[in-house]
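Everything below belongs to start.csv, which stores CSV, C-alpha atoms.
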```csv
chain,number,residue,atom,x,y,z
A,1,MET,CA,138.7,88.1,94.3
A,2,LYS,CA,137.4,87.2,90.9
A,3,ALA,CA,139.5,89.8,89.1
A,4,LEU,CA,142.7,88.3,90.6
A,5,GLU,CA,141.6,84.7,89.6
A,6,GLU,CA,141.0,86.0,86.1
A,7,LYS,CA,144.4,87.7,86.0
A,8,ILE,CA,146.2,84.5,87.2
A,9,LEU,CA,144.5,82.5,84.5
A,10,ALA,CA,145.3,85.1,81.8
A,11,GLU,CA,148.9,86.1,82.8
A,12,GLY,CA,150.2,83.5,85.2
A,13,LYS,CA,152.5,80.7,84.1
A,14,VAL,CA,152.8,77.3,85.9
A,15,CYS,CA,156.3,75.9,86.0
A,16,SER,CA,157.6,72.6,87.1
A,17,GLY,CA,154.7,71.4,89.2
A,18,ASP,CA,154.1,73.9,92.0
A,19,ILE,CA,155.7,77.2,90.9
A,20,LEU,CA,153.3,79.8,89.7
A,21,LEU,CA,155.0,82.8,87.9
A,22,VAL,CA,153.2,86.0,88.3
A,23,GLY,CA,156.2,88.3,87.8
A,24,GLY,CA,154.3,90.2,85.1
A,25,PHE,CA,151.9,91.8,87.6
A,26,LEU,CA,152.6,90.8,91.3
A,27,ASN,CA,156.3,90.6,91.7
A,28,GLN,CA,159.1,92.1,89.7
A,29,ARG,CA,156.7,94.0,87.4
A,30,ILE,CA,153.9,95.4,89.5
A,31,ASP,CA,150.6,96.2,87.8
A,32,THR,CA,150.2,99.4,89.8
A,33,ASP,CA,146.5,100.1,89.5
A,34,PHE,CA,145.7,96.4,90.1
A,35,ILE,CA,147.9,96.2,93.2
A,36,PHE,CA,146.0,99.1,94.8
A,37,ARG,CA,142.7,97.3,94.0
A,38,MET,CA,144.1,94.3,95.9
A,39,GLY,CA,145.1,96.6,98.7
A,40,GLU,CA,141.5,97.9,98.9
A,41,GLU,CA,140.2,94.3,98.9
A,42,ILE,CA,142.4,93.4,101.9
A,43,HIS,CA,141.2,96.6,103.6
A,44,ASP,CA,137.5,95.6,103.0
A,45,LEU,CA,138.2,92.2,104.6
A,46,PHE,CA,139.8,93.5,107.7
A,47,LYS,CA,138.3,97.0,108.0
A,48,ASP,CA,136.3,96.0,111.1
A,49,SER,CA,139.4,94.6,112.9
A,50,ARG,CA,141.8,96.6,114.9
A,51,VAL,CA,144.9,97.0,112.7
A,52,THR,CA,147.6,99.4,113.9
A,53,LYS,CA,150.5,98.2,111.7
A,54,ILE,CA,151.0,96.0,108.7
A,55,LEU,CA,154.0,93.6,108.6
A,56,THR,CA,155.5,91.9,105.6
A,57,VAL,CA,158.9,90.6,104.5
A,58,GLU,CA,161.1,91.9,101.8
A,59,ALA,CA,161.0,92.1,98.8
A,60,SER,CA,157.9,90.9,97.0
A,61,GLY,CA,155.5,91.4,99.9
A,62,ILE,CA,156.3,95.2,100.1
A,63,ALA,CA,154.1,96.4,97.2
A,64,ILE,CA,150.9,94.7,98.3
A,65,ALA,CA,151.5,95.5,101.9
A,66,LEU,CA,152.0,99.2,101.1
A,67,ALA,CA,148.9,99.2,98.9
A,68,ALA,CA,146.8,97.8,101.8
A,69,ALA,CA,148.5,100.1,104.4
A,70,GLN,CA,147.4,103.1,102.3
A,71,CYS,CA,143.7,102.2,103.0
A,72,PHE,CA,144.3,101.6,106.7
A,73,HIS,CA,146.5,104.7,107.1
A,74,VAL,CA,148.8,102.7,109.3
A,75,PRO,CA,152.6,102.2,109.0
A,76,MET,CA,153.9,99.3,107.0
A,77,ILE,CA,157.0,97.4,108.3
A,78,PHE,CA,159.0,95.0,106.3
A,79,ALA,CA,161.2,92.3,107.9
A,80,LYS,CA,164.7,92.2,106.4
A,81,LYS,CA,166.1,88.9,105.3
A,82,SER,CA,169.3,89.1,107.1
A,83,SER,CA,170.7,91.1,110.0
A,84,ALA,CA,172.0,93.9,107.8
A,85,SER,CA,174.6,96.4,108.9
A,86,ASN,CA,172.1,99.3,108.9
A,87,PHE,CA,169.9,97.9,111.7
A,88,SER,CA,170.0,100.1,114.7
A,89,GLY,CA,169.5,98.8,118.2
A,90,ASP,CA,167.9,95.4,119.0
A,91,VAL,CA,166.0,93.3,116.6
A,92,TYR,CA,163.4,90.5,116.8
A,93,LYS,CA,164.6,87.5,114.7
A,94,SER,CA,163.1,84.3,113.3
A,95,LYS,CA,164.5,81.5,111.2
A,96,VAL,CA,162.6,80.8,107.9
A,97,HIS,CA,163.1,78.0,105.4
A,98,SER,CA,162.6,78.9,101.8
A,99,TYR,CA,161.5,76.0,99.6
A,100,THR,CA,161.9,78.2,96.5
A,101,HIS,CA,165.6,78.7,97.2
A,102,ASN,CA,166.0,75.6,99.4
A,103,LYS,CA,167.8,77.3,102.2
A,104,ASP,CA,167.3,78.8,105.6
A,105,PHE,CA,167.5,82.5,106.2
A,106,GLU,CA,166.8,84.8,109.1
A,107,ILE,CA,164.2,87.6,109.1
A,108,ALA,CA,164.6,90.5,111.5
A,109,VAL,CA,162.6,93.6,112.6
A,110,SER,CA,163.9,96.3,114.8
A,111,LYS,CA,162.4,96.2,118.3
A,112,ASP,CA,161.6,99.9,117.9
A,113,PHE,CA,158.9,99.2,115.3
A,114,ILE,CA,156.5,96.7,117.0
A,115,LYS,CA,155.0,97.4,120.4
A,116,LYS,CA,152.9,95.4,122.9
A,117,THR,CA,149.9,97.6,122.2
A,118,ASP,CA,150.0,96.9,118.4
A,119,SER,CA,147.6,94.8,116.5
A,120,ILE,CA,149.4,93.5,113.4
A,121,LEU,CA,148.0,92.4,110.0
A,122,VAL,CA,150.6,90.2,108.3
A,123,ILE,CA,150.5,90.4,104.5
A,124,ASP,CA,152.5,88.6,101.8
A,125,ASP,CA,152.3,88.1,98.1
A,126,PHE,CA,152.2,84.3,98.4
A,127,LEU,CA,151.2,81.9,101.1
A,128,ALA,CA,152.3,78.3,100.3
A,129,THR,CA,153.8,76.2,103.1
A,130,GLY,CA,153.5,79.2,105.3
A,131,GLU,CA,157.1,79.3,106.5
A,132,ALA,CA,157.6,83.1,105.9
A,133,VAL,CA,154.2,84.0,107.5
A,134,GLU,CA,155.1,81.7,110.5
A,135,GLY,CA,158.3,83.6,110.9
A,136,LEU,CA,156.5,87.0,110.8
A,137,LEU,CA,153.9,85.7,113.4
A,138,ASP,CA,156.8,84.5,115.6
A,139,ILE,CA,158.2,88.1,115.5
A,140,VAL,CA,154.7,89.5,116.4
A,141,LYS,CA,154.6,87.1,119.4
A,142,GLN,CA,158.1,88.0,120.5
A,143,ALA,CA,157.0,91.6,120.6
A,144,GLY,CA,153.9,90.7,122.7
A,145,ALA,CA,151.6,92.3,120.1
A,146,GLU,CA,148.2,91.0,118.9
A,147,ILE,CA,147.7,89.3,115.6
A,148,ALA,CA,144.9,90.9,113.6
A,149,GLY,CA,145.1,88.3,110.9
A,150,VAL,CA,147.0,87.2,107.8
A,151,SER,CA,146.3,88.1,104.2
A,152,ALA,CA,148.0,86.9,101.1
A,153,ALA,CA,147.3,87.8,97.5
A,154,ILE,CA,147.7,84.2,96.3
A,155,GLU,CA,147.4,81.1,98.5
A,156,LYS,CA,148.6,77.8,97.2
A,157,GLY,CA,146.0,75.9,99.1
A,158,PHE,CA,147.5,72.5,98.1
A,159,GLN,CA,150.6,73.3,100.1
A,160,GLY,CA,148.7,73.5,103.3
A,161,GLY,CA,150.2,76.6,105.0
A,162,GLY,CA,147.1,78.7,105.1
A,163,ASP,CA,144.9,75.9,106.4
A,164,ALA,CA,147.4,75.0,109.1
A,165,LEU,CA,147.2,78.7,110.3
A,166,ARG,CA,143.4,78.6,110.2
A,167,ALA,CA,143.5,75.4,112.3
A,168,LYS,CA,145.4,77.4,115.0
A,169,GLY,CA,142.5,79.9,115.1
A,170,ILE,CA,144.3,82.6,113.0
A,171,ARG,CA,142.1,84.5,110.6
A,172,VAL,CA,143.6,84.0,107.1
A,173,GLU,CA,142.1,85.8,104.1
A,174,SER,CA,143.7,85.2,100.8
A,175,LEU,CA,142.5,87.0,97.7
A,176,ALA,CA,142.8,83.8,95.5
A,177,ILE,CA,143.2,80.3,96.8
A,178,ILE,CA,144.6,77.7,94.3
A,179,ASP,CA,143.6,74.2,95.4
A,180,GLU,CA,144.9,72.4,92.3
A,181,MET,CA,147.5,73.4,89.8
A,182,ASP,CA,148.5,71.1,86.9
A,183,GLY,CA,150.1,72.6,83.8
A,184,GLU,CA,147.5,75.0,82.4
A,185,ASN,CA,144.8,73.8,84.6
A,186,ILE,CA,144.4,75.9,87.7
A,187,LYS,CA,141.5,75.2,90.1
A,188,PHE,CA,140.5,77.9,92.6
A,189,ARG,CA,138.8,77.2,96.0
A,190,SER,CA,135.2,78.5,95.8
B,1,MET,CA,160.8,118.9,99.8
B,2,LYS,CA,160.7,120.9,103.0
B,3,ALA,CA,158.6,118.3,104.9
B,4,LEU,CA,161.1,115.6,104.1
B,5,GLU,CA,164.0,117.8,105.3
B,6,GLU,CA,162.1,118.4,108.6
B,7,LYS,CA,161.4,114.7,108.9
B,8,ILE,CA,165.1,113.9,108.4
B,9,LEU,CA,166.1,116.4,111.1
B,10,ALA,CA,163.4,115.2,113.5
B,11,GLU,CA,163.7,111.4,113.0
B,12,GLY,CA,166.9,110.6,111.1
B,13,LYS,CA,170.0,109.4,113.0
B,14,VAL,CA,173.6,110.0,111.7
B,15,CYS,CA,175.9,107.1,112.3
B,16,SER,CA,179.6,106.7,111.9
B,17,GLY,CA,180.2,109.5,109.5
B,18,ASP,CA,178.2,109.0,106.3
B,19,ILE,CA,175.4,106.6,107.3
B,20,LEU,CA,172.0,108.2,107.8
B,21,LEU,CA,169.4,106.0,109.4
B,22,VAL,CA,165.8,106.7,108.4
B,23,GLY,CA,164.5,103.2,109.1
B,24,GLY,CA,161.7,104.7,111.1
B,25,PHE,CA,159.9,106.2,108.1
B,26,LEU,CA,161.6,105.4,104.8
B,27,ASN,CA,162.9,101.9,105.0
B,28,GLN,CA,162.0,99.0,107.2
B,29,ARG,CA,159.2,101.0,108.8
B,30,ILE,CA,157.3,103.0,106.2
B,31,ASP,CA,155.4,106.1,107.2
B,32,THR,CA,152.6,105.3,104.8
B,33,ASP,CA,150.9,108.6,104.4
B,34,PHE,CA,154.2,110.4,104.1
B,35,ILE,CA,155.6,108.0,101.4
B,36,PHE,CA,152.5,108.7,99.3
B,37,ARG,CA,153.2,112.5,99.7
B,38,MET,CA,156.7,111.8,98.4
B,39,GLY,CA,155.3,109.9,95.5
B,40,GLU,CA,153.1,112.9,94.6
B,41,GLU,CA,156.1,115.2,94.8
B,42,ILE,CA,158.0,113.0,92.4
B,43,HIS,CA,155.0,113.0,90.1
B,44,ASP,CA,154.8,116.8,90.2
B,45,LEU,CA,158.5,117.0,89.2
B,46,PHE,CA,158.2,114.7,86.2
B,47,LYS,CA,154.5,115.0,85.2
B,48,ASP,CA,155.4,116.9,82.0
B,49,SER,CA,157.9,114.2,81.0
B,50,ARG,CA,157.0,111.0,79.1
B,51,VAL,CA,157.1,108.2,81.8
B,52,THR,CA,155.9,104.8,80.7
B,53,LYS,CA,157.4,102.7,83.5
B,54,ILE,CA,159.1,103.2,86.9
B,55,LEU,CA,162.2,101.2,87.7
B,56,THR,CA,163.8,100.6,91.1
B,57,VAL,CA,165.8,97.9,92.9
B,58,GLU,CA,164.7,95.7,95.7
B,59,ALA,CA,164.1,96.1,98.6
B,60,SER,CA,163.9,99.6,100.0
B,61,GLY,CA,163.3,101.4,96.7
B,62,ILE,CA,160.0,99.5,96.2
B,63,ALA,CA,157.8,101.6,98.5
B,64,ILE,CA,158.6,105.0,97.2
B,65,ALA,CA,158.7,103.7,93.6
B,66,LEU,CA,155.2,102.3,94.0
B,67,ALA,CA,153.9,105.5,95.6
B,68,ALA,CA,155.1,107.5,92.6
B,69,ALA,CA,153.8,104.9,90.1
B,70,GLN,CA,150.3,105.3,91.6
B,71,CYS,CA,150.3,108.9,90.5
B,72,PHE,CA,151.6,108.2,87.0
B,73,HIS,CA,149.4,105.1,86.6
B,74,VAL,CA,152.3,103.2,85.1
B,75,PRO,CA,153.8,99.8,86.0
B,76,MET,CA,156.6,99.7,88.6
B,77,ILE,CA,159.4,97.2,88.0
B,78,PHE,CA,162.0,96.3,90.6
B,79,ALA,CA,165.3,94.8,89.7
B,80,LYS,CA,166.2,91.7,91.7
B,81,LYS,CA,169.5,91.6,93.5
B,82,SER,CA,170.6,88.2,92.2
B,83,SER,CA,169.5,86.0,89.4
B,84,ALA,CA,166.9,84.1,91.4
B,85,SER,CA,165.4,80.7,90.5
B,86,ASN,CA,162.1,82.2,89.7
B,87,PHE,CA,163.2,84.4,86.8
B,88,SER,CA,161.6,83.3,83.6
B,89,GLY,CA,163.3,83.7,80.3
B,90,ASP,CA,166.1,86.2,79.5
B,91,VAL,CA,167.2,88.9,81.8
B,92,TYR,CA,169.2,92.2,81.6
B,93,LYS,CA,171.9,92.2,84.2
B,94,SER,CA,174.3,94.7,85.7
B,95,LYS,CA,177.0,94.6,88.3
B,96,VAL,CA,176.7,96.9,91.3
B,97,HIS,CA,179.0,97.6,94.2
B,98,SER,CA,177.4,98.2,97.6
B,99,TYR,CA,179.5,100.5,99.9
B,100,THR,CA,177.0,99.8,102.7
B,101,HIS,CA,177.7,96.1,102.6
B,102,ASN,CA,181.1,96.3,100.9
B,103,LYS,CA,180.5,93.8,98.2
B,104,ASP,CA,179.5,93.4,94.6
B,105,PHE,CA,176.1,92.0,93.6
B,106,GLU,CA,174.2,91.6,90.4
B,107,ILE,CA,170.9,93.2,89.6
B,108,ALA,CA,168.6,91.7,87.0
B,109,VAL,CA,165.3,92.5,85.2
B,110,SER,CA,163.4,90.2,82.9
B,111,LYS,CA,163.7,91.3,79.3
B,112,ASP,CA,159.9,91.0,79.1
B,113,PHE,CA,159.4,94.0,81.2
B,114,ILE,CA,161.3,96.8,79.5
B,115,LYS,CA,160.8,97.6,75.8
B,116,LYS,CA,162.6,99.9,73.3
B,117,THR,CA,159.5,102.1,73.2
B,118,ASP,CA,159.6,102.7,77.0
B,119,SER,CA,160.6,105.9,78.8
B,120,ILE,CA,161.9,105.0,82.2
B,121,LEU,CA,161.9,107.0,85.4
B,122,VAL,CA,164.5,105.4,87.8
B,123,ILE,CA,163.6,105.9,91.5
B,124,ASP,CA,165.4,104.9,94.7
B,125,ASP,CA,165.2,105.7,98.4
B,126,PHE,CA,168.9,106.8,98.5
B,127,LEU,CA,171.3,108.3,96.0
B,128,ALA,CA,174.8,108.3,97.4
B,129,THR,CA,177.7,107.2,95.2
B,130,GLY,CA,175.2,106.4,92.5
B,131,GLU,CA,176.2,102.8,92.0
B,132,ALA,CA,172.7,101.3,92.2
B,133,VAL,CA,171.2,103.9,90.0
B,134,GLU,CA,174.1,103.5,87.4
B,135,GLY,CA,173.3,99.8,87.4
B,136,LEU,CA,169.6,100.5,86.7
B,137,LEU,CA,170.4,103.0,84.0
B,138,ASP,CA,172.7,100.4,82.4
B,139,ILE,CA,169.8,98.0,82.3
B,140,VAL,CA,167.6,100.7,80.6
B,141,LYS,CA,170.3,101.3,78.0
B,142,GLN,CA,170.6,97.5,77.4
B,143,ALA,CA,166.9,97.5,76.7
B,144,GLY,CA,167.3,100.4,74.3
B,145,ALA,CA,164.7,102.4,76.2
B,146,GLU,CA,164.7,106.1,76.9
B,147,ILE,CA,165.7,107.5,80.4
B,148,ALA,CA,163.1,110.0,81.6
B,149,GLY,CA,165.2,110.8,84.6
B,150,VAL,CA,166.2,109.8,88.1
B,151,SER,CA,164.6,110.6,91.4
B,152,ALA,CA,165.7,109.7,94.9
B,153,ALA,CA,164.1,110.5,98.2
B,154,ILE,CA,167.4,111.4,99.9
B,155,GLU,CA,170.5,112.3,98.0
B,156,LYS,CA,173.8,112.4,99.9
B,157,GLY,CA,175.2,115.2,97.8
B,158,PHE,CA,178.6,114.9,99.4
B,159,GLN,CA,179.1,111.5,98.0
B,160,GLY,CA,178.8,112.8,94.4
B,161,GLY,CA,176.7,110.2,92.7
B,162,GLY,CA,173.8,112.6,91.8
B,163,ASP,CA,176.1,115.4,90.5
B,164,ALA,CA,178.0,112.9,88.3
B,165,LEU,CA,174.7,111.8,86.7
B,166,ARG,CA,173.7,115.5,86.2
B,167,ALA,CA,177.1,116.1,84.5
B,168,LYS,CA,176.2,113.4,82.0
B,169,GLY,CA,173.0,115.3,81.1
B,170,ILE,CA,170.6,113.1,83.1
B,171,ARG,CA,167.8,114.9,84.9
B,172,VAL,CA,168.2,114.0,88.6
B,173,GLU,CA,165.6,115.3,91.1
B,174,SER,CA,166.0,114.4,94.7
B,175,LEU,CA,163.5,115.3,97.3
B,176,ALA,CA,166.2,116.3,99.8
B,177,ILE,CA,169.9,116.8,99.1
B,178,ILE,CA,172.3,116.6,102.0
B,179,ASP,CA,175.5,118.5,101.3
B,180,GLU,CA,177.1,118.1,104.7
B,181,MET,CA,176.4,115.6,107.5
B,182,ASP,CA,178.4,115.8,110.7
B,183,GLY,CA,176.9,114.2,113.8
B,184,GLU,CA,173.7,116.0,114.6
B,185,ASN,CA,174.5,118.7,112.0
B,186,ILE,CA,172.8,118.1,108.7
B,187,LYS,CA,173.1,120.8,106.0
B,188,PHE,CA,170.7,120.6,103.0
B,189,ARG,CA,171.4,122.0,99.5
B,190,SER,CA,169.2,125.0,98.9
```
For this file, write the structure as structure tokens.
Amino acid sequence: MKALEEKILAEGKVCSGDILLVGGFLNQRIDTDFIFRMGEEIHDLFKDSRVTKILTVEASGIAIALAAAQCFHVPMIFAKKSSASNFSGDVYKSKVHSYTHNKDFEIAVSKDFIKKTDSILVIDDFLATGEAVEGLLDIVKQAGAEIAGVSAAIEKGFQGGGDALRAKGIRVESLAIIDEMDGENIKFRS
Amino acid sequence: MKALEEKILAEGKVCSGDILLVGGFLNQRIDTDFIFRMGEEIHDLFKDSRVTKILTVEASGIAIALAAAQCFHVPMIFAKKSSASNFSGDVYKSKVHSYTHNKDFEIAVSKDFIKKTDSILVIDDFLATGEAVEGLLDIVKQAGAEIAGVSAAIEKGFQGGGDALRAKGIRVESLAIIDEMDGENIKFRS
């Protein structure tokens, strides 16, 4: 998505090697009109697939997942990052390692919300090593549902998570893939 | 909002006195079409006010805040619940007590995202004792911006947070206000 690449170049900030800050439009401060354009783009990519629900993980995946869900007219589910006191009933859980915060955490989704008959599109703001997405896919598998695919706004191609999923036969569509990132120099996959 | 009251009665579950579970449509699993109807309703209520940005707190406020932001065509900002490693620059912070989790936490917003010239509409999924909203309003005040008002999807009127804000002269508009909640018996403010 050319407009996203241009926005990353104009507004993104590269910090300490492999961190890209896009808090000005994608997380923390959401550029509302732009996030709905990204949602439409994800819908265009997957509109011929069967998608019955969209799954993401709190917190920064929620906005883009909801923007896409609006186009599909399907429910959007977000995994919670710990088994909070307001879960009702049984949950599917998966362990995820966060490289950003250097710790393991658990993600959980109530068993009421994913059924065997579902076909799930997994969406997140970033796809780097793929840990969070792998956790979400693990939950989809536990539920016995189908995986429609994975879509991220920004994939850090150089961290390998997206390509590892593609190698397993999962359809992964990222709106912008960064293959190299070095200070001000950002190189996108063409 | 009559449709929301009906949805609460049909799909909500009252647990242990003052907890209302609406994870099936408002948090965790989002009823996408319905959340955008709620966003339009908030826009209808505040469309004659000056609103330059919408502010909420992660995670379950994000969906309804974004749905409203789409109608206003303004940015949506969500406060983070702790000073995470991917904050850049200075942040406004406020301490909030969570009754649900019985602990204090800090919420923070980058100073880049709220300016003195802004007029902020604060949105959250729930308004109960008002702790989270008070923290968000404290951040708006620190930034020297104007408060356009507060809107929640569901206000637990019997916990007093909304009325305490109204008593301070803040415009609070909740889409459904529950004045009594006792097992299956939910009484809305008319």
Taking all atoms listed in the file into account, report as a list in words which residues of chain A lie within 6 Å of chain B. Gln28, Arg29, Ile30, Asp31, Thr32, Ala59, Pro75, Met76, Ile77 and Phe78 of chain A
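Residues in contact with Met181 (chain B) at up to 10 Å, not including ones fewer than 3 positions away on its chain and judged by all atoms listed in the file, are Val14, Cys15, Gly17, Asp18, Ile19, Leu20, Lys156, Gly157, Phe158, Ile178, Glu184, Asn185, Ile186, Lys187 and Phe188 of chain B.
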For the point (168.4, 97.5, 80.2) in file coordinates, what residues are within 10 Å, counting all atoms listed in the file? Give the answer as a list of chain:residue names? B:Val91, B:Tyr92, B:Lys93, B:Ser94, B:Ala108, B:Val109, B:Ser110, B:Lys111, B:Phe113, B:Ile114, B:Lys115, B:Lys116, B:Gly135, B:Leu136, B:Leu137, B:Asp138, B:Ile139, B:Val140, B:Lys141, B:Gln142, B:Ala143, B:Gly144, B:Ala145, B:Glu146
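Between CA of Leu121 (chain B) and CA of Ser49 (chain B) the separation is 9.3 Å.
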Taking (175.5, 107.5, 88.2) in the file's coordinates, which residues come within 9 Å, counting all atoms listed in the file, written as a ChimeraX atom specification? /B:127,129-135,137,160-166,168
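From CA of Ala167 (chain A) back to CA of Phe126 (chain A), the distance works out to 18.7 Å.
Of note, CA of Ile170 (chain A) and CA of Gly149 (chain A) are spaced 6.1 Å apart.
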Distance query Ala148 (chain B) at most 8 Å, all atoms listed in the file, self and fewer than 2 positions along chain excluded, as JSON, numbers by chain: {"B": [49, 50, 51, 119, 120, 121, 122, 146, 150, 171]}
Using all atoms listed in the file, which of B:Lys95, B:His43, B:Lys103, B:Lys7 sits nearest Glu173 (chain B)? B:His43
Please complete region 6-27 of chain B with N, CA and C atoms and give it back as a PDB file, in the frame of the given file.
```
ATOM      1  N   GLU B   6     162.527 118.345 107.129  1.00  0.00           N
ATOM      2  CA  GLU B   6     162.100 118.400 108.600  1.00  0.00           C
ATOM      3  C   GLU B   6     162.067 117.060 109.201  1.00  0.00           C
ATOM      4  N   LYS B   7     161.569 116.090 108.421  1.00  0.00           N
ATOM      5  CA  LYS B   7     161.400 114.700 108.900  1.00  0.00           C
ATOM      6  C   LYS B   7     162.822 114.106 109.175  1.00  0.00           C
ATOM      7  N   ILE B   8     163.740 114.372 108.250  1.00  0.00           N
ATOM      8  CA  ILE B   8     165.100 113.900 108.400  1.00  0.00           C
ATOM      9  C   ILE B   8     165.735 114.441 109.684  1.00  0.00           C
ATOM     10  N   LEU B   9     165.542 115.740 109.885  1.00  0.00           N
ATOM     11  CA  LEU B   9     166.100 116.400 111.100  1.00  0.00           C
ATOM     12  C   LEU B   9     165.455 115.855 112.358  1.00  0.00           C
ATOM     13  N   ALA B  10     164.153 115.587 112.301  1.00  0.00           N
ATOM     14  CA  ALA B  10     163.400 115.200 113.500  1.00  0.00           C
ATOM     15  C   ALA B  10     163.658 113.679 113.806  1.00  0.00           C
ATOM     16  N   GLU B  11     163.717 112.843 112.755  1.00  0.00           N
ATOM     17  CA  GLU B  11     163.700 111.400 113.000  1.00  0.00           C
ATOM     18  C   GLU B  11     164.938 110.645 112.515  1.00  0.00           C
ATOM     19  N   GLY B  12     165.739 111.263 111.657  1.00  0.00           N
ATOM     20  CA  GLY B  12     166.900 110.600 111.100  1.00  0.00           C
ATOM     21  C   GLY B  12     168.038 110.525 112.199  1.00  0.00           C
ATOM     22  N   LYS B  13     168.894 109.516 112.055  1.00  0.00           N
ATOM     23  CA  LYS B  13     170.000 109.400 113.000  1.00  0.00           C
ATOM     24  C   LYS B  13     171.313 109.266 112.115  1.00  0.00           C
ATOM     25  N   VAL B  14     172.294 110.098 112.380  1.00  0.00           N
ATOM     26  CA  VAL B  14     173.600 110.000 111.700  1.00  0.00           C
ATOM     27  C   VAL B  14     174.475 109.051 112.420  1.00  0.00           C
ATOM     28  N   CYS B  15     175.013 108.066 111.699  1.00  0.00           N
ATOM     29  CA  CYS B  15     175.900 107.100 112.300  1.00  0.00           C
ATOM     30  C   CYS B  15     177.239 107.054 111.623  1.00  0.00           C
ATOM     31  N   SER B  16     178.259 106.896 112.352  1.00  0.00           N
ATOM     32  CA  SER B  16     179.600 106.700 111.900  1.00  0.00           C
ATOM     33  C   SER B  16     179.913 107.411 110.546  1.00  0.00           C
ATOM     34  N   GLY B  17     179.757 108.727 110.592  1.00  0.00           N
ATOM     35  CA  GLY B  17     180.200 109.500 109.500  1.00  0.00           C
ATOM     36  C   GLY B  17     179.176 109.716 108.376  1.00  0.00           C
ATOM     37  N   ASP B  18     179.053 108.724 107.473  1.00  0.00           N
ATOM     38  CA  ASP B  18     178.200 109.000 106.300  1.00  0.00           C
ATOM     39  C   ASP B  18     176.988 108.089 106.198  1.00  0.00           C
ATOM     40  N   ILE B  19     176.613 107.431 107.295  1.00  0.00           N
ATOM     41  CA  ILE B  19     175.400 106.600 107.300  1.00  0.00           C
ATOM     42  C   ILE B  19     174.260 107.412 107.942  1.00  0.00           C
ATOM     43  N   LEU B  20     173.143 107.541 107.221  1.00  0.00           N
ATOM     44  CA  LEU B  20     172.000 108.200 107.800  1.00  0.00           C
ATOM     45  C   LEU B  20     170.876 107.167 107.945  1.00  0.00           C
ATOM     46  N   LEU B  21     170.445 106.952 109.182  1.00  0.00           N
ATOM     47  CA  LEU B  21     169.400 106.000 109.400  1.00  0.00           C
ATOM     48  C   LEU B  21     168.028 106.631 109.395  1.00  0.00           C
ATOM     49  N   VAL B  22     167.201 106.168 108.470  1.00  0.00           N
ATOM     50  CA  VAL B  22     165.800 106.700 108.400  1.00  0.00           C
ATOM     51  C   VAL B  22     164.864 105.488 108.340  1.00  0.00           C
ATOM     52  N   GLY B  23     165.281 104.412 109.024  1.00  0.00           N
ATOM     53  CA  GLY B  23     164.500 103.200 109.100  1.00  0.00           C
ATOM     54  C   GLY B  23     163.124 103.390 109.716  1.00  0.00           C
ATOM     55  N   GLY B  24     162.959 104.485 110.435  1.00  0.00           N
ATOM     56  CA  GLY B  24     161.700 104.700 111.100  1.00  0.00           C
ATOM     57  C   GLY B  24     160.602 105.281 110.198  1.00  0.00           C
ATOM     58  N   PHE B  25     160.979 105.745 108.975  1.00  0.00           N
ATOM     59  CA  PHE B  25     159.900 106.200 108.100  1.00  0.00           C
ATOM     60  C   PHE B  25     160.114 105.885 106.612  1.00  0.00           C
ATOM     61  N   LEU B  26     161.365 105.611 106.199  1.00  0.00           N
ATOM     62  CA  LEU B  26     161.600 105.400 104.800  1.00  0.00           C
ATOM     63  C   LEU B  26     161.974 104.010 104.386  1.00  0.00           C
ATOM     64  N   ASN B  27     162.701 103.325 105.240  1.00  0.00           N
ATOM     65  CA  ASN B  27     162.900 101.900 105.000  1.00  0.00           C
ATOM     66  C   ASN B  27     162.782 101.118 106.256  1.00  0.00           C
TER      67      ASN B  27
END
```
